[in-house]
Each structure stands twice: as structure tokens, then as C-alpha cells.
Amino acid sequence: MLAIWAAADPSFADLAHGGFLSREWMSANLVRGFGIGLIAILAVGSLLGLLVQFFARSTSMIRRRSLAQLLAVATLAAFWFALAIHVESIAWQGKRARFALRVQELERIASPLREQWPKRDGELPAIGPFMAYPFGRPTTLVLLQAPPVAKQAVYVSAIENLDGAIKLQLTGTDGGDWAEWHPPSSRPSSFVGGLSDPHELEFATSIGRGWYLVRYES
């Protein structure tokens, strides 16, 4: 249940980073809070059930069944430890799958910019009005009306052009990362944006057609 939830819920990253402990998060996510409680009850209950069965048996039965019971308890504990270690990776792969289905929308935004990058402030049909930085030879577009990639889930707040790579900064429920188109000879890497903001690469994964889903440590 938890693995499927981590892969499917765009807000699960907040849980992985402890955001569910805040009163604001709980008040806005009652259903998710109930789900956390239910999973916790099932997890503790399953472990206690195995322990009760193990210690409630007679001495002769314990001798015959002790190894199997210990293996069951150890397996359950190992599963939870493994899930705790890899839950963020599971959430990332779920996000990768969602963005692989959004490549066409990403192309709608990036394609005109690949053909002709703006040289000054202006407005384009795919992205609306924008401001271009730095002045003279802009590499960053700050969007004044963030265009949606997925309704009520992902928006683009800024666009970077770095050596032919088009980098879309994502915001919204399923945002917080970057979607980047790279020519064949290019791959995501650390960079300094047009507003002199550094971005240290954490990891990146391909989502098809030259696009990557990328996470930076800003």
C-alpha cells in the first residue's frame, strides 16, 4: 500500500521529508493523514501479531516453529527498513512515469524556444508574457503567467537556455523539479542560472524524446 501510494501521489515527497508533521499539512490533507494512520496501525499490528503468536505457543511448539516465526518477523522488519530507505526513490520513479506522459505538453512549450530564443521581454502564445535576463543576451525567461503542463498539478515558472538545452523550472503540486530537453550531445549537469542562482545536480532520469526529469540541490 505504501509503495503504491509513494509512486502515485505527487504530494508524497512532502511526507518523505517530514512535512506531514506540521499542523498546516494535516489540516489540508485529512485523507492522507488518515491513510498514514491506517498504514501505521497495520504495520504495528502485523508485527505484534507475529510476536504474540511466537511467545504464546507451548515450549514444544516453539521449538518446532521458532525458526519459521523468527524468519517471518525478520522478513517483515527487513521489508519495512528497505521501504524506509528506498521510499523516496519509489516516489521519484512514479513522478518519472507521470512526466513521461506529459512530454507532448513539454514540447508545446519548448519547441518555439528551440527555433528562436527571445532576445528581450515579450510574450509568446505557449508561455504568455515573460521577462528576459540578463539584459542584452538573455538566457533566462521569468514567466509572469505560469503556463500549465498538467491542470492543477504542474506549471512552468521559469525557463533556462544553456548551450542549446531548454530547462523548464516546475512548480505546483507535482512540481519542485526541472524538465529539460537536451540535444544528443548534452546531458543534465550542474549550472548557474541567468539570475546567478547555482543549481547542483542531484540526479536525472530520461523520460523520452530528449527530455529528462531533473532534481537539483539549490
# chains A, B, ... in the order shown; residues from 1 in each chain; ligands from 1
>>> select_by_dssp(residues="region 53-213 of chain A", states="alpha helix (DSSP H)", output="ChimeraX atom specification")
/A:53-56,59-100,103-115
>>> select_by_dssp(residues="region 76-137 of chain A", states="strand (DSSP E or B)", output="tab-separated table (two decimals) with all heavy atoms, in the first residue's frame")
chain	number	residue	atom	x	y	z
A	122	GLY	N	8.94	40.00	-23.65
A	122	GLY	CA	7.90	39.89	-24.66
A	122	GLY	C	6.80	38.94	-24.24
A	122	GLY	O	6.56	38.71	-23.04
A	123	GLU	N	6.14	38.33	-25.22
A	123	GLU	CA	5.03	37.41	-24.98
A	123	GLU	C	4.98	36.41	-26.12
A	123	GLU	O	5.14	36.77	-27.29
A	123	GLU	CB	3.72	38.18	-24.87
A	123	GLU	CG	2.51	37.30	-24.55
A	123	GLU	CD	1.26	38.12	-24.27
A	123	GLU	OE1	1.36	39.37	-24.21
A	123	GLU	OE2	0.18	37.51	-24.10
A	124	LEU	N	4.74	35.13	-25.76
A	124	LEU	CA	4.61	34.06	-26.75
A	124	LEU	C	3.34	33.27	-26.45
A	124	LEU	O	2.94	33.14	-25.28
A	124	LEU	CB	5.82	33.13	-26.70
A	124	LEU	CG	7.15	33.70	-27.21
A	124	LEU	CD1	8.29	32.72	-26.92
A	124	LEU	CD2	7.08	34.01	-28.69
A	128	GLY	N	2.96	32.82	-22.64
A	128	GLY	CA	2.43	34.09	-22.16
A	128	GLY	C	3.53	35.14	-22.01
A	128	GLY	O	4.61	35.01	-22.57
A	129	PRO	N	3.27	36.20	-21.22
A	129	PRO	CA	4.26	37.28	-21.06
A	129	PRO	C	5.44	36.82	-20.20
A	129	PRO	O	5.29	35.99	-19.30
A	129	PRO	CB	3.46	38.38	-20.35
A	129	PRO	CG	2.36	37.65	-19.66
A	129	PRO	CD	2.01	36.47	-20.50
A	130	PHE	N	6.61	37.38	-20.48
A	130	PHE	CA	7.82	36.98	-19.75
A	130	PHE	C	8.79	38.15	-19.69
A	130	PHE	O	8.71	39.11	-20.47
A	130	PHE	CB	8.49	35.79	-20.42
A	130	PHE	CG	8.89	36.04	-21.84
A	130	PHE	CD1	10.11	36.64	-22.17
A	130	PHE	CD2	8.04	35.68	-22.89
A	130	PHE	CE1	10.47	36.89	-23.48
A	130	PHE	CE2	8.39	35.93	-24.22
A	130	PHE	CZ	9.61	36.53	-24.51
A	131	MET	N	9.73	38.04	-18.74
A	131	MET	CA	10.87	38.96	-18.66
A	131	MET	C	12.13	38.16	-18.92
A	131	MET	O	12.28	37.03	-18.45
A	131	MET	CB	10.93	39.61	-17.28
A	131	MET	CG	9.75	40.53	-16.99
A	131	MET	SD	9.94	41.43	-15.40
A	131	MET	CE	9.91	40.08	-14.24
A	132	ALA	N	13.04	38.74	-19.72
A	132	ALA	CA	14.26	38.05	-20.15
A	132	ALA	C	15.47	38.62	-19.41
A	132	ALA	O	15.67	39.82	-19.35
A	132	ALA	CB	14.45	38.19	-21.66
A	133	TYR	N	16.29	37.71	-18.85
A	133	TYR	CA	17.51	38.08	-18.11
A	133	TYR	C	18.67	37.21	-18.57
A	133	TYR	O	18.45	36.05	-18.95
A	133	TYR	CB	17.31	37.89	-16.60
A	133	TYR	CG	16.23	38.75	-15.99
A	133	TYR	CD1	14.94	38.24	-15.80
A	133	TYR	CD2	16.49	40.05	-15.58
A	133	TYR	CE1	13.94	39.02	-15.24
A	133	TYR	CE2	15.50	40.83	-15.01
A	133	TYR	CZ	14.23	40.31	-14.84
A	133	TYR	OH	13.25	41.09	-14.27
>>> atom_distance(atom1="CA of Ile127 (chain A)", atom2="CA of Tyr212 (chain A)")
19.8 Å
>>> closest_residue(among="A:His199, A:Glu180, A:His86, A:Gly175", to="Val149 (chain A)", atoms="only C-alpha atoms")
A:Gly175
>>> residues_around(residues="Leu101 (chain A)", least_positions_apart="4", cutoff="12 Å", atoms="only C-alpha atoms", output="VMD selection string")
chain A and resid 94 to 97 105 to 107 149 to 150 207 to 209 211
>>> write_last_selection(atoms="N, CA and C atoms", output="PDB file, in the first residue's frame")
ATOM      1  N   GLY A  94       7.735   7.061  -9.695  1.00  0.00           N
ATOM      2  CA  GLY A  94       6.344   7.360 -10.004  1.00  0.00           C
ATOM      3  C   GLY A  94       6.207   8.702 -10.705  1.00  0.00           C
ATOM      4  N   LYS A  95       6.976   9.696 -10.250  1.00  0.00           N
ATOM      5  CA  LYS A  95       6.960  11.011 -10.896  1.00  0.00           C
ATOM      6  C   LYS A  95       7.512  10.912 -12.311  1.00  0.00           C
ATOM      7  N   ARG A  96       8.554  10.125 -12.491  1.00  0.00           N
ATOM      8  CA  ARG A  96       9.115   9.922 -13.829  1.00  0.00           C
ATOM      9  C   ARG A  96       8.053   9.364 -14.771  1.00  0.00           C
ATOM     10  N   ALA A  97       7.279   8.393 -14.303  1.00  0.00           N
ATOM     11  CA  ALA A  97       6.237   7.802 -15.146  1.00  0.00           C
ATOM     12  C   ALA A  97       5.179   8.839 -15.515  1.00  0.00           C
ATOM     13  N   GLU A 105       3.100  17.931 -23.825  1.00  0.00           N
ATOM     14  CA  GLU A 105       2.854  19.257 -23.277  1.00  0.00           C
ATOM     15  C   GLU A 105       4.159  20.024 -23.091  1.00  0.00           C
ATOM     16  N   LEU A 106       5.203  19.337 -22.683  1.00  0.00           N
ATOM     17  CA  LEU A 106       6.509  19.982 -22.549  1.00  0.00           C
ATOM     18  C   LEU A 106       7.022  20.455 -23.908  1.00  0.00           C
ATOM     19  N   GLU A 107       6.799  19.630 -24.926  1.00  0.00           N
ATOM     20  CA  GLU A 107       7.206  20.000 -26.284  1.00  0.00           C
ATOM     21  C   GLU A 107       6.468  21.236 -26.767  1.00  0.00           C
ATOM     22  N   VAL A 149       1.400  22.542 -17.337  1.00  0.00           N
ATOM     23  CA  VAL A 149       1.795  21.315 -18.027  1.00  0.00           C
ATOM     24  C   VAL A 149       0.743  20.239 -17.792  1.00  0.00           C
ATOM     25  N   ALA A 150       0.251  20.166 -16.565  1.00  0.00           N
ATOM     26  CA  ALA A 150      -0.870  19.293 -16.212  1.00  0.00           C
ATOM     27  C   ALA A 150      -1.796  20.115 -15.324  1.00  0.00           C
ATOM     28  N   ILE A 207      12.981  10.729 -19.774  1.00  0.00           N
ATOM     29  CA  ILE A 207      11.556  10.462 -19.930  1.00  0.00           C
ATOM     30  C   ILE A 207      11.166  10.386 -21.409  1.00  0.00           C
ATOM     31  N   GLY A 208      12.165  10.363 -22.290  1.00  0.00           N
ATOM     32  CA  GLY A 208      11.901  10.148 -23.708  1.00  0.00           C
ATOM     33  C   GLY A 208      11.974  11.389 -24.562  1.00  0.00           C
ATOM     34  N   ARG A 209      12.306  11.193 -25.847  1.00  0.00           N
ATOM     35  CA  ARG A 209      12.347  12.254 -26.858  1.00  0.00           C
ATOM     36  C   ARG A 209      13.323  13.378 -26.495  1.00  0.00           C
ATOM     37  N   TRP A 211      14.064  14.372 -23.485  1.00  0.00           N
ATOM     38  CA  TRP A 211      13.652  15.037 -22.252  1.00  0.00           C
ATOM     39  C   TRP A 211      14.145  14.270 -21.031  1.00  0.00           C
TER      40      TRP A 211
END
>>> atom_distance(atom1="CA of Asp121 (chain A)", atom2="CA of Ile166 (chain A)")
17.5 Å
